[in-house]
Structure formats: C-alpha cells, structure tokens
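A.B. asks: input-v8.txt is reproduced below (compact mmCIF, C-alpha atoms).
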```txt
# COMPACT_ATOMS: atom_id res chain seq x y z
CA MET N 151 -9.99 13.49 18.73
CA ARG N 152 -6.70 11.66 19.02
CA LEU N 153 -6.50 8.89 16.45
CA ALA N 154 -3.71 6.75 15.00
CA ILE N 155 -2.83 3.93 12.67
CA LEU N 156 -0.73 1.19 14.27
CA GLY N 157 1.46 -1.17 12.27
CA ASP N 158 4.79 -1.85 10.63
CA PRO N 159 5.33 -0.46 8.05
CA VAL N 160 3.11 2.63 8.24
CA ALA N 161 5.18 5.35 6.57
CA HIS N 162 3.42 4.65 3.25
CA SER N 163 -0.07 4.81 4.74
CA LEU N 164 -2.62 7.22 3.28
CA SER N 165 -4.84 6.84 6.34
CA PRO N 166 -3.57 10.01 8.07
CA LEU N 167 -4.28 12.06 4.94
CA LEU N 168 -7.71 10.47 4.61
CA HIS N 169 -8.85 10.83 8.21
CA ASN N 170 -7.39 14.29 8.80
CA ALA N 171 -9.35 15.46 5.75
CA ALA N 172 -12.45 13.83 7.24
CA LEU N 173 -11.96 15.49 10.62
CA ARG N 174 -11.57 18.92 8.99
CA ALA N 175 -14.62 18.43 6.77
CA ALA N 176 -16.71 17.36 9.76
CA GLY N 177 -15.50 20.30 11.85
CA LEU N 178 -14.03 18.03 14.50
CA PRO N 179 -10.85 19.05 16.32
CA GLY N 180 -8.13 16.46 16.49
CA GLU N 181 -5.39 14.65 14.64
CA TYR N 182 -4.78 11.23 13.11
CA VAL N 183 -1.14 10.10 13.06
CA ALA N 184 0.88 7.13 11.84
CA ARG N 185 2.52 5.17 14.63
CA ARG N 186 4.99 2.44 13.76
CA VAL N 187 4.80 -0.26 16.41
CA ASP N 188 6.04 -3.77 17.02
CA ALA N 189 4.10 -6.25 19.15
CA SER N 190 5.14 -4.60 22.42
CA GLY N 191 4.37 -1.18 20.98
CA LEU N 192 0.86 -2.36 20.13
CA VAL N 193 0.33 -3.23 23.79
CA VAL N 194 1.47 0.29 24.75
CA ALA N 195 -1.04 1.74 22.29
CA PHE N 196 -3.80 -0.29 23.94
CA ASP N 197 -2.77 1.22 27.29
CA ASP N 198 -3.02 4.68 25.69
CA LEU N 199 -6.52 3.87 24.50
CA ARG N 200 -7.68 2.59 27.86
CA SER N 201 -6.29 5.67 29.62
CA GLY N 202 -7.86 8.08 27.14
CA GLN N 203 -4.62 9.29 25.54
CA LEU N 204 -6.00 7.88 22.28
CA ASP N 205 -9.65 7.97 21.29
CA GLY N 206 -9.43 5.37 18.55
CA ALA N 207 -7.06 3.63 16.18
CA ASN N 208 -6.72 1.58 13.06
CA VAL N 209 -4.51 -1.51 13.00
CA THR N 210 -2.68 -2.65 9.89
CA MET N 211 -0.34 -5.50 9.07
CA PRO N 212 1.14 -7.43 10.73
CA HIS N 213 -0.86 -6.83 13.91
CA LYS N 214 -4.54 -7.43 13.04
CA MET N 215 -4.73 -10.87 14.64
CA LEU N 216 -2.66 -9.82 17.66
CA ALA N 217 -5.00 -6.87 18.15
CA ALA N 218 -8.01 -9.19 18.18
CA GLY N 219 -6.49 -11.11 21.08
CA THR N 220 -5.68 -7.93 23.00
CA CYS N 221 -9.12 -6.28 22.85
CA ASP N 222 -11.52 -6.25 25.80
CA GLY N 223 -14.40 -7.09 23.47
CA LEU N 224 -15.01 -7.89 19.82
CA ALA N 225 -17.76 -7.00 17.38
CA ALA N 226 -19.30 -9.96 15.57
CA THR N 227 -17.28 -9.70 12.35
CA ALA N 228 -14.05 -9.23 14.29
CA ALA N 229 -14.75 -12.27 16.45
CA ARG N 230 -15.57 -14.42 13.44
CA SER N 231 -12.55 -13.31 11.42
CA GLY N 232 -10.13 -13.32 14.35
CA ALA N 233 -8.75 -10.03 13.05
CA VAL N 234 -9.23 -6.39 14.04
CA ASN N 235 -8.43 -3.27 12.05
CA THR N 236 -10.39 -0.67 14.05
CA LEU N 237 -10.16 -0.02 17.79
CA VAL N 238 -12.92 1.91 19.57
CA ARG N 239 -12.60 3.14 23.15
CA ILE N 240 -15.70 2.73 25.30
CA GLY N 241 -14.91 4.04 28.76
CA THR N 242 -11.72 2.22 29.74
CA ALA N 243 -12.40 -0.74 27.46
CA VAL N 244 -11.17 -1.28 23.89
CA VAL N 245 -13.58 -2.94 21.47
CA GLY N 246 -12.27 -4.35 18.21
CA HIS N 247 -14.07 -4.13 14.86
CA ASN N 248 -13.25 -5.39 11.39
CA THR N 249 -14.22 -2.66 8.93
CA ASP N 250 -12.09 -4.34 6.25
CA VAL N 251 -15.21 -6.40 5.56
CA ASP N 252 -17.05 -3.18 4.67
CA GLY N 253 -14.05 -2.10 2.60
CA VAL N 254 -14.12 -5.25 0.49
CA ARG N 255 -17.82 -4.90 -0.25
CA LEU N 256 -17.61 -1.20 -1.16
CA ALA N 257 -14.55 -1.67 -3.36
CA TRP N 258 -16.13 -4.66 -5.10
CA GLY N 259 -19.26 -2.76 -6.00
CA SER N 260 -17.54 0.48 -7.00
CA ALA N 261 -15.25 -1.34 -9.44
CA GLY N 262 -18.01 -3.49 -10.90
CA LEU N 263 -16.19 -6.73 -10.18
CA PRO N 264 -18.01 -9.89 -11.32
CA THR N 265 -20.55 -11.18 -8.83
CA SER N 266 -21.05 -14.70 -10.18
CA ASP N 267 -17.47 -15.80 -10.92
CA ALA N 268 -15.38 -17.91 -8.56
CA VAL N 269 -13.07 -15.99 -6.20
CA LEU N 270 -9.44 -16.84 -5.45
CA VAL N 271 -8.23 -15.20 -2.24
CA LEU N 272 -4.46 -15.01 -1.75
CA GLY N 273 -3.18 -14.93 1.83
CA ALA N 274 -3.97 -16.38 5.25
CA GLY N 275 -3.89 -13.34 7.53
CA GLY N 276 -6.38 -10.78 8.77
CA ALA N 277 -6.99 -9.26 5.34
CA ALA N 278 -7.79 -12.68 3.88
CA ALA N 279 -10.18 -13.36 6.76
CA ALA N 280 -12.05 -10.13 6.00
CA ALA N 281 -12.26 -11.02 2.31
CA LEU N 282 -13.67 -14.47 3.07
CA LEU N 283 -16.31 -12.98 5.35
CA ALA N 284 -17.26 -10.23 2.92
CA LEU N 285 -17.63 -12.72 0.07
CA ASP N 286 -19.27 -15.55 2.01
CA GLY N 287 -21.74 -17.36 -0.23
CA ARG N 288 -19.59 -17.10 -3.37
CA LYS N 289 -17.56 -19.99 -4.77
CA LEU N 290 -14.41 -19.35 -2.72
CA PHE N 291 -10.86 -20.65 -2.99
CA LEU N 292 -7.96 -19.74 -0.71
CA ALA N 293 -4.25 -20.02 -1.46
CA ALA N 294 -1.32 -19.27 0.82
CA ARG N 295 2.34 -20.21 0.95
CA ARG N 296 1.53 -22.31 4.02
CA PRO N 297 -1.52 -24.46 3.24
CA ASP N 298 -1.93 -25.38 6.91
CA HIS N 299 -2.43 -21.70 7.76
CA ALA N 300 -4.98 -21.37 4.97
CA ALA N 301 -6.90 -24.41 6.20
CA ALA N 302 -6.89 -23.09 9.77
CA LEU N 303 -8.22 -19.74 8.59
CA VAL N 304 -11.09 -21.33 6.66
CA GLU N 305 -12.04 -23.37 9.71
CA HIS N 306 -11.89 -20.37 12.05
CA VAL N 307 -13.89 -18.03 9.83
CA GLY N 308 -16.44 -20.74 9.10
CA VAL N 309 -16.97 -20.20 5.38
CA ASP N 310 -17.25 -22.74 2.58
CA ALA N 311 -13.89 -22.33 0.84
CA ALA N 312 -11.45 -24.79 -0.70
CA VAL N 313 -7.72 -24.51 -0.05
CA VAL N 314 -5.71 -24.66 -3.29
CA GLU N 315 -2.03 -24.61 -4.15
CA TRP N 316 -0.16 -21.31 -3.92
CA ALA N 317 0.93 -19.75 -7.22
CA SER N 318 -1.51 -21.81 -9.30
CA PRO N 319 -3.56 -19.70 -11.74
CA MET N 320 -7.34 -20.14 -11.69
CA PRO N 321 -8.61 -18.95 -15.08
CA GLY N 322 -11.86 -17.01 -14.93
CA ALA N 323 -11.78 -16.34 -11.19
CA VAL N 324 -11.71 -12.94 -9.52
CA VAL N 325 -8.41 -12.65 -7.62
CA VAL N 326 -8.28 -10.97 -4.21
CA ASN N 327 -4.74 -10.11 -3.19
CA ALA N 328 -4.82 -10.16 0.62
CA THR N 329 -1.03 -10.43 0.95
CA PRO N 330 1.54 -7.62 1.31
CA LEU N 331 2.84 -8.38 -2.21
CA GLY N 332 2.82 -5.21 -4.27
CA MET N 333 3.50 -2.71 -1.51
CA ARG N 334 7.16 -2.56 -2.50
CA GLY N 335 6.71 -3.34 -6.17
CA GLU N 336 6.56 -7.14 -5.89
CA SER N 337 4.55 -9.11 -8.43
CA LEU N 338 2.07 -11.88 -7.77
CA PRO N 339 2.93 -15.38 -9.09
CA ASN N 340 3.07 -15.68 -12.87
CA GLY N 341 -0.26 -16.25 -14.56
CA VAL N 342 -2.45 -15.64 -11.52
CA VAL N 343 -3.54 -12.14 -12.54
CA GLU N 344 -3.19 -12.56 -16.28
CA SER N 345 -5.90 -15.26 -16.34
CA CYS N 346 -8.33 -13.65 -13.89
CA SER N 347 -11.75 -12.07 -14.57
CA GLY N 348 -11.14 -9.23 -12.12
CA LEU N 349 -8.82 -8.11 -9.33
CA LEU N 350 -9.29 -6.68 -5.86
CA ASP N 351 -5.85 -5.62 -4.67
CA MET N 352 -6.04 -4.90 -0.95
CA VAL N 353 -2.66 -3.17 -0.91
CA TYR N 354 -1.55 -0.01 -2.67
CA GLY N 355 1.66 1.67 -3.67
CA PRO N 356 2.84 4.77 -5.55
CA GLY N 357 1.66 4.51 -9.13
CA GLY N 358 -0.30 1.35 -8.37
CA THR N 359 0.92 -2.23 -7.95
CA PRO N 360 2.29 -4.62 -10.58
CA ALA N 361 -0.82 -6.79 -10.11
CA GLY N 362 -3.12 -3.85 -10.72
CA ARG N 363 -1.26 -2.82 -13.85
CA ALA N 364 -1.24 -6.41 -15.16
CA ALA N 365 -4.99 -6.79 -14.60
CA ALA N 366 -5.72 -3.48 -16.29
CA ALA N 367 -3.55 -4.52 -19.24
CA ALA N 368 -5.60 -7.73 -19.47
CA GLY N 369 -8.74 -5.63 -19.76
CA VAL N 370 -10.48 -6.82 -16.61
CA PRO N 371 -12.03 -4.66 -13.86
CA VAL N 372 -9.71 -3.67 -11.02
CA ALA N 373 -10.40 -2.41 -7.52
CA ASP N 374 -7.17 -1.05 -6.11
CA GLY N 375 -6.11 -0.72 -2.52
CA THR N 376 -7.27 2.87 -2.24
CA ALA N 377 -10.88 1.81 -2.92
CA MET N 378 -10.51 -0.74 -0.14
CA LEU N 379 -8.93 1.89 2.11
CA LEU N 380 -11.80 4.31 1.56
CA GLY N 381 -14.46 1.71 2.26
CA GLN N 382 -13.00 0.61 5.58
CA ALA N 383 -12.20 4.20 6.61
CA VAL N 384 -15.79 5.35 6.12
CA GLU N 385 -17.01 2.78 8.64
CA SER N 386 -14.11 3.44 11.05
CA PHE N 387 -14.97 7.15 11.08
CA ARG N 388 -18.60 6.37 11.91
CA LEU N 389 -17.60 4.10 14.77
CA TRP N 390 -15.30 6.71 16.32
CA THR N 391 -17.49 9.77 15.90
CA GLY N 392 -21.06 8.54 15.65
CA ARG N 393 -21.40 10.56 12.45
CA ALA N 394 -21.63 9.67 8.78
CA ALA N 395 -18.24 10.05 7.14
CA PRO N 396 -17.67 13.02 4.76
CA VAL N 397 -17.06 10.71 1.81
CA ALA N 398 -16.61 13.51 -0.74
CA ALA N 399 -13.79 15.10 1.25
CA MET N 400 -12.13 11.72 1.79
CA THR N 401 -12.37 10.86 -1.91
CA THR N 402 -10.85 14.22 -2.85
CA ALA N 403 -7.95 13.64 -0.45
CA LEU N 404 -7.23 10.27 -2.04
CA ALA N 405 -7.41 11.73 -5.55
CA THR N 406 -4.99 14.50 -4.59
CA ALA N 407 -2.56 11.94 -3.20
CA ALA N 408 -2.82 9.88 -6.39
CA HIS N 409 -2.08 12.92 -8.57
CA ARG N 410 0.96 13.78 -6.46
CA ALA N 411 2.24 10.21 -6.72
CA GLU N 412 1.85 10.27 -10.50
CA ALA N 413 3.68 13.59 -10.71
CA HIS N 414 6.64 12.15 -8.82
CA ALA N 415 6.65 8.77 -10.59
```
Would it be possible to restate this file's structure as structure tokens?
C.D. replies:
Amino acid sequence: MRLAILGDPVAHSLSPLLHNAALRAAGLPGEYVARRVDASGLVVAFDDLRSGQLDGANVTMPHKMLAAGTCDGLAATAARSGAVNTLVRIGTAVVGHNTDVDGVRLAWGSAGLPTSDAVLVLGAGGAAAAALLALDGRKLFLAARRPDHAAALVEHVGVDAAVVEWASPMPGAVVVNATPLGMRGESLPNGVVESCSGLLDMVYGPGGTPAGRAAAAAGVPVADGTAMLLGQAVESFRLWTGRAAPVAAMTTALATAAHRAEAHA
C-alpha cells in the first residue's frame, strides 16, 4: 500500500512511524510517508490518489477544510464537520472521512476525562469541528481569536455550543486544545489550563506541550496528542485496509518514540 500524510508542517509527525508499524504487524506490503504540501500540492496529491499512485492518505493542518472541498464524496461526519483528515480511494474517486472524531472519543475515555463537566474547545478549524461533533450533547463552549469564525463553525457543524471570548479561563471546564499552540512550545493563554478540570491536547511535541505539563502539575487528567493520534489512526487503518488495526503494535511504536524523545530532551 502507498500511503501518506499531507500537510505543512509534517516533519514532526509520528504518523509514518505509527502506520509503518501497523503495516508490518499486519503483514501488508507498503509504505507510509510524510509529504509536505501547500494548497496546490494537496491538489496534486488528490490526482495521485485518483490515478492509483497513492492508495490512501491522512490530511493534517492547515488543509483539512480544503481537503473536504476537494473530495469526490464525503462520509457523514466529514460532511457535517466540513473537515477531512482521512482520504480513501474507491476506484478513481476520493472519499473523505473525519476519523479525528473517533480520536477524540478514544482519547477522552482512555484518559478518564470528566464526562459531566462543561467543555471549552479552543480553535475554529477542522480539529475544533471534530471535537464539537465528538462531544455533541455536552455543555459546549467554543473560543477562537476570531469570534466570527467560531460562530460560523458552530452553525455549520450544527451543535449546541456558545461562543465565548478567547483567552478567558472557564474554571471547572475540560479544555480541548484544537489549535496548533504547543507544537513549537507555545503556551495557551494564562489561566485557561490552570483552572480546568481536565485537558485534551490535540497536538503533541517532543517532551509534551506546555499545556499538558501545566495540566498535569494542576493534578487534573490529561489526554495528550499521541492518544488522539492513535485513536484516529486506528480508524484510518481500518478504512484503508478493511482490517482491524494492530493496536498493540501501534501503541508500542508510540511508546518507543516517546522514550526516544525523552532521552534527547
């Protein structure tokens, strides 16, 4: 199988490590590579999928919404969120899926995040859309630097969520970081994490993110970006191969990467 992750940046991505381990464990020939693309490069990748040069792909920031508009068809969650992170080739057509929704749910449960507390989602892109869908039915709040983008996202996804001011702490809420903040060591706004009842950080970085470390120091449960990554990858693998993902092998690959990162920190 010929698989890839498409985005910018992608050099940091653990997806190649994760999926190549899965392919080996499943006894499937093939390779999963990182492919840094801009908007025009994403279109080229779609051509490669339609021609059979690629069998499937993941899409990461900042192209999830662009990918949704470029697909030949969309699964229900992808259509509702307006964002795609997994591309599946069916004949000469490319169908978009949003397995980030599965990733949020798996990470939430594995970390034991509170199920009855309010949820504050940060961001207004494809990751935020997946979080809103995955947590539909909870008491949801959404904050973004551009409130108009946040309001448009809530309307498009069709969930009951209130738009609140960016950078305002919400004591007692579970925070979902659906922004890129933390990938390069950036911190979330002061007080947002320190007052939360739990954190789902959808990004990851070597040695963890400042938000993850702050939440852990506050003594609240944390689901880091690798838990999210594993959850969405398990479903992506099933969509591409028709097989259940070798979760144990994928988990071991992530643990090995984490140990290496700690050794070089």
A.B. asks: Determine the nearest neighbour of N:Val234 from the options N:Asp298, N:Ala280, N:Val193, N:Ala317, counting all atoms listed in the file.
C.D. replies: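 Of N:Asp298, N:Ala280, N:Val193, N:Ala317, the one nearest N:Val234, counting all atoms listed in the file, is N:Ala280.
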A.B. asks: Taking a cut-off of 7 Å and counting all atoms listed in the file, can you build a table that, for each residue of stretch 188-276 of chain N near stretch 349-371 of chain N, reports the nearest atom pair and how far apart they are in Å (one decimal), sorted by chain then residue number, as a Markdown table?
C.D. replies:
```
| residue | atom | partner | partner_atom | distance |
| --- | --- | --- | --- | --- |
| N:Ala261 | CA | N:Pro371 | CA | 6.4 |
| N:Gly262 | CA | N:Pro371 | CA | 6.8 |
| N:Leu263 | CA | N:Pro371 | CA | 5.9 |
```
A.B. asks: Would you work out the distance separating atom CA of N:Glu305 from atom CA of N:Asp267, expressed in Å to one decimal?
C.D. replies: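 Separating atom CA of N:Glu305 from atom CA of N:Asp267 is a distance of 22.6 Å.
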A.B. asks: Restricting the calculation to all atoms listed in the file, which member of N:Val307, N:Ala218, N:Ala301, N:Ala328 is positioned closest to N:Met378?
C.D. replies: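 Closest to N:Met378, using all atoms listed in the file: N:Ala328.
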A.B. asks: Centre and edge lengths of an axis-aligned box around all listed atoms of stretch 345-353 of chain N, with 3 Å added on each side, are to be given in Å to one decimal, as lines of an AutoDock Vina configuration file.
C.D. replies:
```
center_x = -7.2
center_y = -9.2
center_z = -8.6
size_x = 15.1
size_y = 18.1
size_z = 21.4
```
A.B. asks: Which residues are near N:Ala161? Cut-off 8 Å, all atoms listed in the file, ignore same chain within fewer than 2 positions. Put them as a list in words.
C.D. replies: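 Using all atoms listed in the file, the neighbours found are Pro159, Ser163, Ala184 and Arg186 of chain N.
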A.B. asks: Could you tell me which of N:Met320, N:Met333, N:Leu204, N:Ser386 comes closest to N:Cys346 if we count only C-alpha atoms?
C.D. replies: N:Met320
A.B. asks: With a cut-off of 8 Å, could you pull out the residues of stretch 220-252 of chain N touching stretch 273-279 of chain N and give me the nearest pair of atoms for each, distance in Å to one decimal, using all atoms listed in the file, ordered by chain and ascending number, as CSV?
C.D. replies:
```
residue,atom,partner,partner_atom,distance
N:Ser231,CA,N:Ala279,CA,5.2
N:Gly232,CA,N:Gly276,CA,7.2
N:Ala233,CA,N:Gly276,CA,4.9
N:Val234,CA,N:Gly276,CA,7.4
N:Asp250,CA,N:Ala277,CA,7.1
```
A.B. asks: Using C-alpha atoms, can you export the residues from the last selection as an mmCIF file, keeping the file's coordinate frame?
C.D. replies:
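After the write, result_25.cif holds the following:
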```
data_model
loop_
_atom_site.group_PDB
_atom_site.id
_atom_site.type_symbol
_atom_site.label_atom_id
_atom_site.label_comp_id
_atom_site.auth_asym_id
_atom_site.auth_seq_id
_atom_site.Cartn_x
_atom_site.Cartn_y
_atom_site.Cartn_z
ATOM 1 C CA SER N 231 -12.550 -13.310 11.420
ATOM 2 C CA GLY N 232 -10.130 -13.320 14.350
ATOM 3 C CA ALA N 233 -8.750 -10.030 13.050
ATOM 4 C CA VAL N 234 -9.230 -6.390 14.040
ATOM 5 C CA ASP N 250 -12.090 -4.340 6.250
#
```
